[in-house]
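Colleague: Below you'll find final00.cif; it's mmCIF, C-alpha atoms and all ligand atoms.
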data_model
loop_
_atom_site.label_atom_id
_atom_site.label_comp_id
_atom_site.auth_asym_id
_atom_site.auth_seq_id
_atom_site.Cartn_x
_atom_site.Cartn_y
_atom_site.Cartn_z
CA MET A 1 110.41 88.65 114.39
CA HIS A 2 107.22 90.61 113.80
CA GLU A 3 106.32 93.73 115.66
CA ARG A 4 103.08 94.15 113.87
CA ALA A 5 100.66 96.93 113.49
CA LYS A 6 97.03 96.54 112.80
CA ALA A 7 96.28 95.55 109.25
CA ALA A 8 95.47 98.40 106.89
CA LYS A 9 91.78 97.50 106.79
CA PRO A 10 90.02 96.21 109.90
CA PRO A 11 88.78 92.64 109.58
CA ALA A 12 85.01 92.16 109.45
CA ARG A 13 85.07 90.51 112.89
CA ALA A 14 86.31 93.69 114.53
CA ILE A 15 83.56 95.72 112.92
CA GLN A 16 80.89 93.24 114.03
CA SER A 17 82.06 93.13 117.62
CA HIS A 18 82.25 96.91 117.67
CA ALA A 19 78.67 97.13 116.49
CA ARG A 20 77.57 94.72 119.20
CA ARG A 21 78.85 96.94 121.97
CA GLN A 22 76.37 99.75 122.40
CA PRO A 23 77.37 102.66 124.62
CA GLU A 24 76.03 102.32 128.14
CA PRO A 25 73.66 105.03 129.35
CA VAL A 26 75.59 107.17 131.81
CA ALA A 27 72.87 108.69 134.01
CA PRO A 28 72.61 106.90 137.37
CA ALA A 29 69.24 105.37 138.08
CA GLN A 30 67.15 107.55 140.33
CA VAL A 31 64.10 106.57 142.31
CA GLU A 32 61.59 109.09 143.59
CA LEU A 33 61.12 108.76 147.34
CA GLY A 34 59.08 111.58 148.80
CA ARG A 35 60.28 114.88 147.41
CA GLN A 36 63.98 114.10 147.12
CA PRO A 37 65.23 111.91 144.29
CA VAL A 38 67.78 109.51 145.76
CA THR A 39 70.09 107.06 144.09
CA ALA A 40 68.94 103.50 143.56
CA ALA A 41 71.86 102.27 145.64
CA ALA A 42 70.72 104.33 148.64
CA THR A 43 67.22 102.95 148.21
CA LEU A 44 68.58 99.41 148.15
CA THR A 45 70.58 100.07 151.32
CA ALA A 46 67.38 101.29 152.98
CA LEU A 47 65.53 98.18 151.75
CA GLN A 48 68.37 96.06 153.03
CA ARG A 49 67.78 97.48 156.50
CA THR A 50 64.02 97.04 156.46
CA HIS A 51 63.61 93.84 154.45
CA GLY A 52 66.91 91.99 154.76
CA ASN A 53 69.66 91.22 152.30
CA GLN A 54 67.91 88.30 150.59
CA HIS A 55 65.15 90.52 149.23
CA VAL A 56 67.66 93.05 148.05
CA GLN A 57 69.69 90.39 146.24
CA ARG A 58 66.52 89.28 144.47
CA ILE A 59 65.79 92.87 143.47
CA LEU A 60 69.34 93.29 142.22
CA VAL A 61 69.15 90.19 140.09
CA ALA A 62 65.96 91.43 138.49
CA ALA A 63 67.06 95.06 138.43
CA PRO A 64 67.68 96.91 135.21
CA GLY A 65 71.30 97.65 134.28
CA ALA A 66 71.20 101.19 135.57
CA VAL A 67 70.44 100.05 139.13
CA GLN A 68 73.32 97.57 139.00
CA ARG A 69 75.66 100.23 137.69
CA ASP A 70 74.66 102.64 140.41
CA ALA A 71 75.31 100.03 143.11
CA VAL A 72 78.73 99.27 141.60
CA ASP A 73 79.60 102.99 141.45
CA ASP A 74 78.81 103.34 145.16
CA LEU A 75 80.84 100.24 145.97
CA LEU A 76 83.90 101.27 143.94
CA GLY A 77 83.68 104.82 145.25
CA ASP A 78 83.84 103.73 148.91
CA SER A 79 87.29 105.16 149.66
CA LYS A 80 87.26 103.73 153.21
CA LYS A 81 87.89 100.25 151.80
CA PRO A 82 91.15 99.08 150.18
CA VAL A 83 91.24 99.23 146.37
CA LYS A 84 91.63 95.48 145.99
CA ASP A 85 88.67 94.74 148.30
CA ARG A 86 86.42 97.06 146.33
CA PHE A 87 87.52 95.48 143.05
CA SER A 88 87.03 91.92 144.39
CA THR A 89 83.53 92.66 145.69
CA ALA A 90 82.51 94.36 142.44
CA ILE A 91 83.71 91.35 140.46
CA ALA A 92 82.29 88.74 142.84
CA ASP A 93 78.84 90.24 143.56
CA HIS A 94 78.07 92.36 140.51
CA THR A 95 78.63 92.70 136.80
CA PRO A 96 80.63 95.91 136.51
CA THR A 97 81.04 97.51 133.11
CA LEU A 98 84.50 98.02 131.61
CA ALA A 99 84.00 101.79 131.81
CA GLN A 100 83.38 101.54 135.56
CA LEU A 101 86.44 99.38 136.14
CA ARG A 102 88.62 101.54 133.93
CA GLY A 103 87.54 104.74 135.67
CA PHE A 104 88.19 103.13 139.04
CA LEU A 105 91.62 101.75 138.07
CA ASP A 106 92.73 104.98 136.38
CA GLY A 107 92.35 106.63 139.76
CA ALA A 108 94.25 103.91 141.63
CA SER A 109 97.99 103.79 142.30
CA GLN A 110 100.22 101.34 140.41
CA PRO A 111 101.04 99.35 143.61
CA ASP A 112 97.27 99.02 144.21
CA ARG A 113 96.73 97.89 140.63
CA GLU A 114 99.45 95.29 141.12
CA THR A 115 97.74 93.84 144.21
CA ILE A 116 94.90 93.02 141.82
CA SER A 117 96.81 91.86 138.73
CA SER A 118 99.17 89.64 140.77
CA ASP A 119 96.24 87.74 142.36
CA ALA A 120 95.73 84.83 139.95
CA THR A 121 92.45 83.72 141.56
CA LEU A 122 90.95 87.19 141.37
CA MET A 123 92.07 87.63 137.76
CA ALA A 124 90.58 84.24 136.84
CA LYS A 125 87.29 85.38 138.39
CA ALA A 126 87.44 88.62 136.40
CA LYS A 127 88.00 86.59 133.25
CA THR A 128 84.78 84.64 133.86
CA LYS A 129 82.76 87.80 134.58
CA LEU A 130 83.90 89.95 131.65
CA ALA A 131 83.49 89.44 127.91
CA ALA A 132 86.82 88.63 126.22
CA PRO A 133 87.45 92.11 124.75
CA ASP A 134 86.66 93.71 128.11
CA TYR A 135 88.99 91.34 129.94
CA LEU A 136 91.80 92.27 127.53
CA SER A 137 91.08 95.96 128.10
CA LEU A 138 91.13 95.31 131.85
CA LEU A 139 94.73 94.07 131.48
CA LEU A 140 95.59 97.46 129.98
CA ALA A 141 93.68 99.36 132.67
CA LEU A 142 95.71 97.43 135.26
CA ARG A 143 98.92 98.34 133.34
CA VAL A 144 99.95 94.67 133.49
CA LYS A 145 103.71 94.46 132.86
CA LYS A 146 104.96 90.92 133.35
CA THR A 147 108.70 90.63 134.00
CA GLY A 148 110.58 88.42 131.57
CA SER A 149 113.89 88.06 129.78
CA VAL A 150 113.56 91.34 127.85
CA ALA A 151 113.98 94.68 129.65
CA HIS A 152 110.90 96.28 128.09
CA LYS A 153 110.67 99.99 128.76
CA SER A 154 107.61 101.28 130.56
CA ALA A 155 104.79 103.00 128.68
CA GLU A 156 105.70 106.26 130.40
CA GLU A 157 109.33 105.98 129.22
CA ALA A 158 108.14 105.28 125.68
CA ASP A 159 105.89 108.36 125.70
CA LYS A 160 108.71 110.54 127.04
CA LEU A 161 111.14 109.37 124.33
CA ILE A 162 108.64 109.70 121.48
CA VAL A 163 107.54 113.16 122.57
CA GLU A 164 111.04 114.48 123.31
CA LYS A 165 113.15 112.87 120.59
CA LEU A 166 110.58 113.50 117.84
CA SER A 167 109.30 116.81 119.20
CA ALA A 168 109.46 118.39 115.73
CA TYR A 169 106.85 115.90 114.49
CA THR A 170 104.67 114.64 117.35
CA ALA A 171 103.10 117.85 118.75
CA GLY A 172 99.91 117.34 116.74
CA ALA A 173 99.62 113.71 117.82
CA VAL A 174 100.07 114.69 121.47
CA LYS A 175 97.37 117.35 121.06
CA ALA A 176 95.09 114.67 119.60
CA GLY A 177 95.56 112.67 122.81
CA ARG A 178 97.76 109.98 121.29
CA LYS A 179 99.90 108.15 123.84
CA VAL A 180 101.23 104.81 125.00
CA SER A 181 100.51 105.11 128.75
CA GLY A 182 97.54 103.01 129.79
CA GLN A 183 97.38 101.43 126.31
CA VAL A 184 99.86 98.56 126.80
CA ALA A 185 99.93 95.15 128.44
CA VAL A 186 103.16 93.11 128.61
CA LEU A 187 101.94 89.53 128.83
CA ASP A 188 102.79 85.83 128.75
CA GLY A 189 100.92 82.54 128.90
CA ALA A 190 97.17 82.31 128.44
CA ASP A 191 96.60 86.07 128.41
CA TRP A 192 99.08 86.56 125.55
CA THR A 193 97.56 83.65 123.62
CA MET A 194 94.06 85.03 124.14
CA ALA A 195 95.07 88.47 122.82
CA TYR A 196 97.00 86.97 119.90
CA GLU A 197 94.33 84.53 118.75
CA ARG A 198 91.59 87.13 119.03
CA GLU A 199 93.56 89.24 116.53
CA PHE A 200 95.17 86.71 114.20
CA GLY A 201 93.51 83.37 114.93
CA ASP A 202 95.70 80.28 114.95
CA ASP A 203 97.84 81.45 112.01
CA GLY A 204 101.09 79.70 112.88
CA GLU A 205 102.98 82.96 113.46
CA GLU A 206 102.35 83.38 117.16
CA ALA A 207 105.81 82.11 118.17
CA THR A 208 107.56 84.66 115.95
CA THR A 209 105.43 87.64 116.94
CA ASN A 210 106.95 89.95 119.54
CA ALA A 211 104.13 92.44 119.83
CA PHE A 212 101.20 93.98 117.99
CA VAL A 213 98.60 96.74 118.04
CA ASP A 214 95.16 95.17 117.70
CA ASN A 215 92.39 96.22 115.37
CA GLU A 216 89.59 95.84 117.85
CA ALA A 217 90.61 98.66 120.20
CA ASP A 218 94.13 99.80 119.26
CA ARG A 219 95.54 97.98 122.27
CA ILE A 220 99.29 97.26 122.40
CA PHE A 221 100.20 93.73 123.44
CA ILE A 222 103.85 92.78 123.99
CA HIS A 223 105.27 89.36 124.86
CA LYS A 224 107.40 89.65 128.00
CA ASP A 225 110.23 87.48 126.60
CA ARG A 226 110.30 88.76 123.02
CA GLY A 227 111.64 91.76 121.15
CA ASN A 228 114.01 94.30 122.68
CA PRO A 229 113.78 97.59 124.59
CA GLY A 230 112.86 99.28 121.29
CA THR A 231 109.74 97.12 120.87
CA ILE A 232 107.43 99.35 122.89
CA ILE A 233 108.77 102.38 121.02
CA HIS A 234 107.96 100.71 117.68
CA GLU A 235 104.44 99.83 118.88
CA GLY A 236 104.10 103.28 120.41
CA MET A 237 104.96 104.81 117.05
CA HIS A 238 101.85 103.09 115.64
CA LYS A 239 99.78 104.65 118.44
CA TYR A 240 101.04 108.14 117.56
CA ALA A 241 100.08 107.69 113.90
CA PRO A 242 96.49 108.00 112.65
CA ASN A 243 95.37 105.46 110.03
CA ASP A 244 95.64 107.77 106.99
CA LEU A 245 99.11 106.68 105.88
CA ILE A 246 98.73 102.94 106.55
CA ASN A 247 95.42 102.94 104.67
CA GLU A 248 97.14 104.58 101.68
CA ILE A 249 100.40 102.61 101.52
CA GLY A 250 99.57 99.28 103.18
CA SER A 251 101.12 97.50 106.16
CA ALA A 252 104.51 96.49 104.73
CA PHE A 253 105.66 99.96 103.68
CA ASN A 254 104.07 101.42 106.82
CA GLU A 255 106.19 99.09 108.97
CA GLY A 256 109.28 100.48 107.22
CA ILE A 257 108.27 104.07 108.04
CA THR A 258 107.38 103.07 111.61
CA GLU A 259 110.76 101.38 111.99
CA TYR A 260 112.53 104.43 110.49
CA PHE A 261 111.22 106.68 113.28
CA THR A 262 111.73 103.93 115.89
CA ARG A 263 115.42 103.68 114.96
CA LYS A 264 115.80 107.44 115.04
CA ILE A 265 115.00 107.21 118.76
CA CYS A 266 116.78 103.92 119.48
CA ASP A 267 120.02 105.03 117.77
CA SER A 268 120.07 108.19 119.88
CA LEU A 269 119.95 106.36 123.21
CA ASP A 270 123.04 105.83 125.35
CA PRO A 271 123.82 103.02 124.87
CA PRO A 272 121.90 102.77 121.60
CA VAL A 273 119.25 100.04 121.25
CA VAL A 274 120.29 98.08 118.17
CA ARG A 275 117.33 97.05 115.98
CA SER A 276 117.25 94.63 113.09
CA ASN A 277 113.47 94.30 112.83
CA TYR A 278 111.84 94.82 109.43
CA ALA A 279 115.24 95.06 107.70
CA SER A 280 113.97 95.19 104.07
CA ASN A 281 111.01 97.44 104.90
CA TYR A 282 113.34 99.77 106.79
CA ALA A 283 116.00 99.87 104.05
CA PHE A 284 113.40 100.90 101.48
CA ALA A 285 111.72 103.40 103.81
CA LYS A 286 115.09 105.02 104.58
CA LYS A 287 115.72 105.62 100.85
CA PHE A 288 112.17 106.93 100.47
CA VAL A 289 112.63 109.35 103.38
CA ASP A 290 115.98 110.51 101.95
CA LEU A 291 114.25 111.31 98.66
CA MET A 292 111.08 112.92 100.01
CA GLY A 293 112.46 114.65 103.09
CA GLU A 294 111.89 113.54 106.67
CA ALA A 295 109.47 116.37 107.54
CA THR A 296 107.12 115.54 104.65
CA VAL A 297 107.05 111.84 105.55
CA ALA A 298 106.62 112.66 109.25
CA ALA A 299 103.65 114.96 108.49
CA ALA A 300 102.00 112.13 106.52
CA ASN A 301 102.72 109.61 109.26
CA PHE A 302 101.92 111.58 112.43
CA ASP A 303 99.43 114.18 111.13
CA GLY A 304 97.74 112.30 108.27
CA LYS A 305 99.00 114.73 105.60
CA VAL A 306 99.17 112.00 102.98
CA ALA A 307 97.98 114.17 100.08
CA ASP A 308 101.02 116.44 100.46
CA LEU A 309 103.35 113.45 100.36
CA LYS A 310 101.68 112.02 97.25
CA LYS A 311 101.78 115.39 95.53
CA LYS A 312 105.48 115.83 96.25
CA TYR A 313 106.20 112.36 94.87
CA THR A 314 104.02 112.84 91.77
CA ASP A 315 105.46 116.32 91.14
CA SER A 316 108.86 114.68 90.78
CA VAL A 317 107.54 112.94 87.62
CA ARG A 318 107.07 109.59 89.32
CA ASN A 319 104.03 107.29 89.44
CA TRP A 320 102.63 106.80 92.94
CA GLY A 321 100.41 103.87 91.94
CA THR A 322 103.37 101.95 90.51
CA LEU A 323 105.42 102.55 93.64
CA ILE A 324 102.66 101.45 96.02
CA GLY A 325 101.85 98.44 93.82
CA HIS A 326 105.43 97.21 94.36
CA THR A 327 105.56 97.94 98.09
CA LYS A 328 102.21 96.23 98.70
CA ALA A 329 103.57 93.15 96.89
CA GLY A 330 106.76 93.29 98.98
CA GLU A 331 108.78 93.86 95.78
CA TRP A 332 111.41 96.01 97.48
CA SER A 333 113.99 96.08 94.68
CA LYS A 334 111.37 97.02 92.07
CA ALA A 335 110.02 99.65 94.47
CA THR A 336 113.56 100.99 94.94
CA THR A 337 113.95 101.56 91.19
CA GLN A 338 110.90 103.85 91.46
CA LEU A 339 113.03 106.14 93.63
CA ASP A 340 115.74 106.48 90.95
CA PRO A 341 115.85 109.79 89.12
CA PRO A 342 113.18 109.71 86.42
CA ALA A 343 114.59 108.83 82.99
CA PRO A 344 115.34 112.00 81.02
CA VAL A 345 112.78 112.67 78.33
CA THR A 346 114.40 111.53 75.06
CA PRO A 347 114.08 114.27 72.47
CA VAL A 348 112.09 113.09 69.48
CA THR A 349 114.41 112.78 66.48
CA PRO A 350 112.79 114.58 63.57
CA THR A 351 112.07 112.20 60.72
CA THR A 352 112.43 114.85 58.09
CA PRO A 353 115.30 117.32 57.96
CA PRO A 354 114.35 120.79 59.08
CA THR A 355 113.35 122.93 56.23
CA THR A 356 115.96 125.39 55.25
CA PRO A 357 114.73 128.87 55.83
CA PRO A 358 114.33 130.82 52.68
ZN ZN B 401 104.78 97.53 113.55
#
Output the file's structure in the form of structure tokens.
Ligand SMILES: [Zn+2]
Modeller:
Amino acid sequence: MHERAKAAKPPARAIQSHARRQPEPVAPAQVELGRQPVTAAATLTALQRTHGNQHVQRILVAAPGAVQRDAVDDLLGDSKKPVKDRFSTAIADHTPTLAQLRGFLDGASQPDRETISSDATLMAKAKTKLAAPDYLSLLLALRVKKTGSVAHKSAEEADKLIVEKLSAYTAGAVKAGRKVSGQVAVLDGADWTMAYEREFGDDGEEATTNAFVDNEADRIFIHKDRGNPGTIIHEGMHKYAPNDLINEIGSAFNEGITEYFTRKICDSLDPPVVRSNYASNYAFAKKFVDLMGEATVAAANFDGKVADLKKKYTDSVRNWGTLIGHTKAGEWSKATTQLDPPAPVTPVTPTTPPTTPP
């Protein structure tokens, strides 16, 4: 079963969709009324009083984005109303941006988020109002964690284990803001299919994929009934690693390294979480780590110090290009021979007998 990472190079589609999404201007729209600048939303409320709601609706429809955003900010910020009511109104009457919804949901409690994510009608409405990538990100902002046959650990548990059990290696990643919390959705049904097909298309491997980190926004998606309690740790390991190593060594070898550190945590749990994922990749990676030293491989994986790893390998009279050529082709036994001690340099037999000194 796959617990995939993003591919080493992002597909063209991801780049295009990224380019389409321009950052939203952040300044709220302001309208000059008398001497005091007031927010557009306050102006609209005043207009609502004097001219009636119909006029205001017409203004809103024709209003530039900034006015809409300002109205949504006021609505979402109205702490007198329940979280779910504010979310429903924003979705029903406006076109909130993902940034607005994310900011709002980050400040909400998990029980409040669940009142939203468990309401199928409301979620269906959100799906119609948001572009597909934003809807998928909304699932993460809501920390959707569907309950299924696998006891998936929470994102918070995964962070705690990765930070504590690998404390010698993950300090830099933590400093860089890498984490699992708020970056995962455990899904099923149409939401899982939507996330999967957006990443891989209809490639025939959906049924054997437990989880993946997508290319579009580094989101972790996990199927609620697939994998094991180590799955979120494996996916989390990808989140703690910058792209330097995967871009150098390719996905297959990278999965082996990822699984090596995943098992280091899973084996240490009581009871241990037994993993058999990526068996060949792992077996090779384990031998590689034994040869190169865990700290050197960890620095390449978690801190992007790939040059140091390559240098150490090359300094041991081995050919990095040959090794990576084999791992990229999935030729694990050929790759393993590249870890053998280099053949001793055969002394050149002199063709003529040494001259006898006079
Ligand atoms: Zn993976």
Colleague: Between A:Asp93, A:Glu199, A:Glu114, A:Glu259, which one has atoms that come closest to ligand ZN 401 (chain B), using all atoms listed in the file?
Modeller: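 Among the listed residues, A:Glu259 lies closest to ligand ZN 401 (chain B).
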Colleague: For Lys310 of chain A, list every protein, DNA or RNA residue within 12 Å, evaluated using all atoms listed in the file, and leave out those in the same chain fewer than 5 positions away; present the list as a compact mmCIF listing (two decimals) with C-alpha atoms, keeping the file's coordinate frame.
Modeller:
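Dumped to part-v6.txt:
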# COMPACT_ATOMS: atom_id res chain seq x y z
CA LEU A 245 99.11 106.68 105.88
CA GLU A 248 97.14 104.58 101.68
CA ILE A 249 100.40 102.61 101.52
CA MET A 292 111.08 112.92 100.01
CA THR A 296 107.12 115.54 104.65
CA VAL A 297 107.05 111.84 105.55
CA ALA A 299 103.65 114.96 108.49
CA ALA A 300 102.00 112.13 106.52
CA GLY A 304 97.74 112.30 108.27
CA LYS A 305 99.00 114.73 105.60
CA ASP A 315 105.46 116.32 91.14
CA SER A 316 108.86 114.68 90.78
CA VAL A 317 107.54 112.94 87.62
CA ARG A 318 107.07 109.59 89.32
CA ASN A 319 104.03 107.29 89.44
CA TRP A 320 102.63 106.80 92.94
CA GLY A 321 100.41 103.87 91.94
CA LEU A 323 105.42 102.55 93.64
CA ILE A 324 102.66 101.45 96.02
Colleague: Could you list, as a list of chain:residue names, all residues that come within 6 Å of ligand ZN 401 (chain B)? Count only C-alpha atoms and all ligand atoms.
Modeller: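 Result of the 6 Å neighbour search around ligand ZN 401 (chain B): A:Glu3, A:Arg4, A:Ala5, A:Glu235, A:Glu255.
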Colleague: Kindly extract all protein, DNA and RNA residues lying within 12 Å of the coordinates (93.0, 108.8, 106.2) given in the file, considering all atoms listed in the file, and supply them as a list in words.
Modeller: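 The residues near that point, listed by chain and number, are Ala8, Lys9, Ala241, Pro242, Asn243, Asp244, Leu245, Ile246, Asn247, Glu248, Ile249, Gly250, Ala300, Asn301, Phe302, Asp303, Gly304, Lys305, Val306 and Ala307 of chain A.
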Colleague: What would the file look like if the residues just selected were written as a tab-separated table (two decimals), in the coordinates of the input with C-alpha atoms?
Modeller:
chain	number	residue	atom	x	y	z
A	8	ALA	CA	95.47	98.40	106.89
A	9	LYS	CA	91.78	97.50	106.79
A	241	ALA	CA	100.08	107.69	113.90
A	242	PRO	CA	96.49	108.00	112.65
A	243	ASN	CA	95.37	105.46	110.03
A	244	ASP	CA	95.64	107.77	106.99
A	245	LEU	CA	99.11	106.68	105.88
A	246	ILE	CA	98.73	102.94	106.55
A	247	ASN	CA	95.42	102.94	104.67
A	248	GLU	CA	97.14	104.58	101.68
A	249	ILE	CA	100.40	102.61	101.52
A	250	GLY	CA	99.57	99.28	103.18
A	300	ALA	CA	102.00	112.13	106.52
A	301	ASN	CA	102.72	109.61	109.26
A	302	PHE	CA	101.92	111.58	112.43
A	303	ASP	CA	99.43	114.18	111.13
A	304	GLY	CA	97.74	112.30	108.27
A	305	LYS	CA	99.00	114.73	105.60
A	306	VAL	CA	99.17	112.00	102.98
A	307	ALA	CA	97.98	114.17	100.08
Colleague: Do a neighbour search on segment 273-287 of chain A at 8 Å with only C-alpha atoms, toss out local chain neighbours closer than 2 positions, and write the hits as a PDB file with C-alpha atoms, in the frame of the given file.
Modeller:
ATOM      1  CA  MET A   1     110.410  88.650 114.390  1.00  0.00           C
ATOM      2  CA  HIS A   2     107.220  90.610 113.800  1.00  0.00           C
ATOM      3  CA  GLU A   3     106.320  93.730 115.660  1.00  0.00           C
ATOM      4  CA  ASN A 228     114.010  94.300 122.680  1.00  0.00           C
ATOM      5  CA  PRO A 229     113.780  97.590 124.590  1.00  0.00           C
ATOM      6  CA  GLY A 230     112.860  99.280 121.290  1.00  0.00           C
ATOM      7  CA  ALA A 252     104.510  96.490 104.730  1.00  0.00           C
ATOM      8  CA  PHE A 253     105.660  99.960 103.680  1.00  0.00           C
ATOM      9  CA  GLU A 255     106.190  99.090 108.970  1.00  0.00           C
ATOM     10  CA  GLY A 256     109.280 100.480 107.220  1.00  0.00           C
ATOM     11  CA  ILE A 257     108.270 104.070 108.040  1.00  0.00           C
ATOM     12  CA  GLU A 259     110.760 101.380 111.990  1.00  0.00           C
ATOM     13  CA  TYR A 260     112.530 104.430 110.490  1.00  0.00           C
ATOM     14  CA  ARG A 263     115.420 103.680 114.960  1.00  0.00           C
ATOM     15  CA  CYS A 266     116.780 103.920 119.480  1.00  0.00           C
ATOM     16  CA  ASP A 267     120.020 105.030 117.770  1.00  0.00           C
ATOM     17  CA  LEU A 269     119.950 106.360 123.210  1.00  0.00           C
ATOM     18  CA  PRO A 271     123.820 103.020 124.870  1.00  0.00           C
ATOM     19  CA  VAL A 289     112.630 109.350 103.380  1.00  0.00           C
ATOM     20  CA  ASP A 290     115.980 110.510 101.950  1.00  0.00           C
ATOM     21  CA  LEU A 291     114.250 111.310  98.660  1.00  0.00           C
ATOM     22  CA  TRP A 332     111.410  96.010  97.480  1.00  0.00           C
ATOM     23  CA  ALA A 335     110.020  99.650  94.470  1.00  0.00           C
ATOM     24  CA  THR A 336     113.560 100.990  94.940  1.00  0.00           C
ATOM     25  CA  LEU A 339     113.030 106.140  93.630  1.00  0.00           C
TER      26      LEU A 339
END
Colleague: Would you work out the distance separating atom CA of Gly236 of chain A from atom CA of Val180 of chain A, expressed in Å to one decimal?
Modeller: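 Between these atoms lies a distance of 5.6 Å.
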Colleague: Quick one: distance from atom CA of Val144 of chain A to atom CA of Asp73 of chain A in Å, one decimal?
Modeller: 23.4 Å
Colleague: Rounded to one decimal in Å, what is the spacing between atom CA of Asp214 of chain A and atom CA of Ser109 of chain A?
Modeller: 26.2 Å
Colleague: With distances taken over only C-alpha atoms, which residue among A:Ile222, A:Val72, A:Leu309, A:Val83 lies nearest Thr97 of chain A?
Modeller: A:Val72
Colleague: Name the residues in contact with Ala158 of chain A at a cut-off of 10 Å, using all atoms listed in the file, excluding same-chain residues fewer than 4 positions from it; report them as a VMD selection string.
Modeller: chain A and resid 152 to 154 162 to 164 179 to 181 229 to 237 265
Colleague: Any chance you could export the current selection's C-alpha atoms as a PDB file, in the coordinates of the input?
Modeller:
ATOM      1  CA  HIS A 152     110.900  96.280 128.090  1.00  0.00           C
ATOM      2  CA  LYS A 153     110.670  99.990 128.760  1.00  0.00           C
ATOM      3  CA  SER A 154     107.610 101.280 130.560  1.00  0.00           C
ATOM      4  CA  ILE A 162     108.640 109.700 121.480  1.00  0.00           C
ATOM      5  CA  VAL A 163     107.540 113.160 122.570  1.00  0.00           C
ATOM      6  CA  GLU A 164     111.040 114.480 123.310  1.00  0.00           C
ATOM      7  CA  LYS A 179      99.900 108.150 123.840  1.00  0.00           C
ATOM      8  CA  VAL A 180     101.230 104.810 125.000  1.00  0.00           C
ATOM      9  CA  SER A 181     100.510 105.110 128.750  1.00  0.00           C
ATOM     10  CA  PRO A 229     113.780  97.590 124.590  1.00  0.00           C
ATOM     11  CA  GLY A 230     112.860  99.280 121.290  1.00  0.00           C
ATOM     12  CA  THR A 231     109.740  97.120 120.870  1.00  0.00           C
ATOM     13  CA  ILE A 232     107.430  99.350 122.890  1.00  0.00           C
ATOM     14  CA  ILE A 233     108.770 102.380 121.020  1.00  0.00           C
ATOM     15  CA  HIS A 234     107.960 100.710 117.680  1.00  0.00           C
ATOM     16  CA  GLU A 235     104.440  99.830 118.880  1.00  0.00           C
ATOM     17  CA  GLY A 236     104.100 103.280 120.410  1.00  0.00           C
ATOM     18  CA  MET A 237     104.960 104.810 117.050  1.00  0.00           C
ATOM     19  CA  ILE A 265     115.000 107.210 118.760  1.00  0.00           C
TER      20      ILE A 265
END
Colleague: Name the closest residue to His238 of chain A among the candidates A:Arg226, A:Arg219, A:Lys125, A:Arg102; distances are taken between atoms, counting all atoms listed in the file.
Modeller: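 Using all atoms listed in the file, the shortest distance to His238 of chain A belongs to A:Arg219.
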Colleague: Which is closest to Leu76 of chain A among A:Gly325, A:Gly227, A:Pro96, A:Gly330, if we use all atoms listed in the file?
Modeller: A:Pro96
Colleague: Counting all atoms listed in the file, figure out which residue out of A:Thr208, A:Gln68, A:Thr258, A:Ser137 gets nearest to Ile220 of chain A.
Modeller: A:Ser137
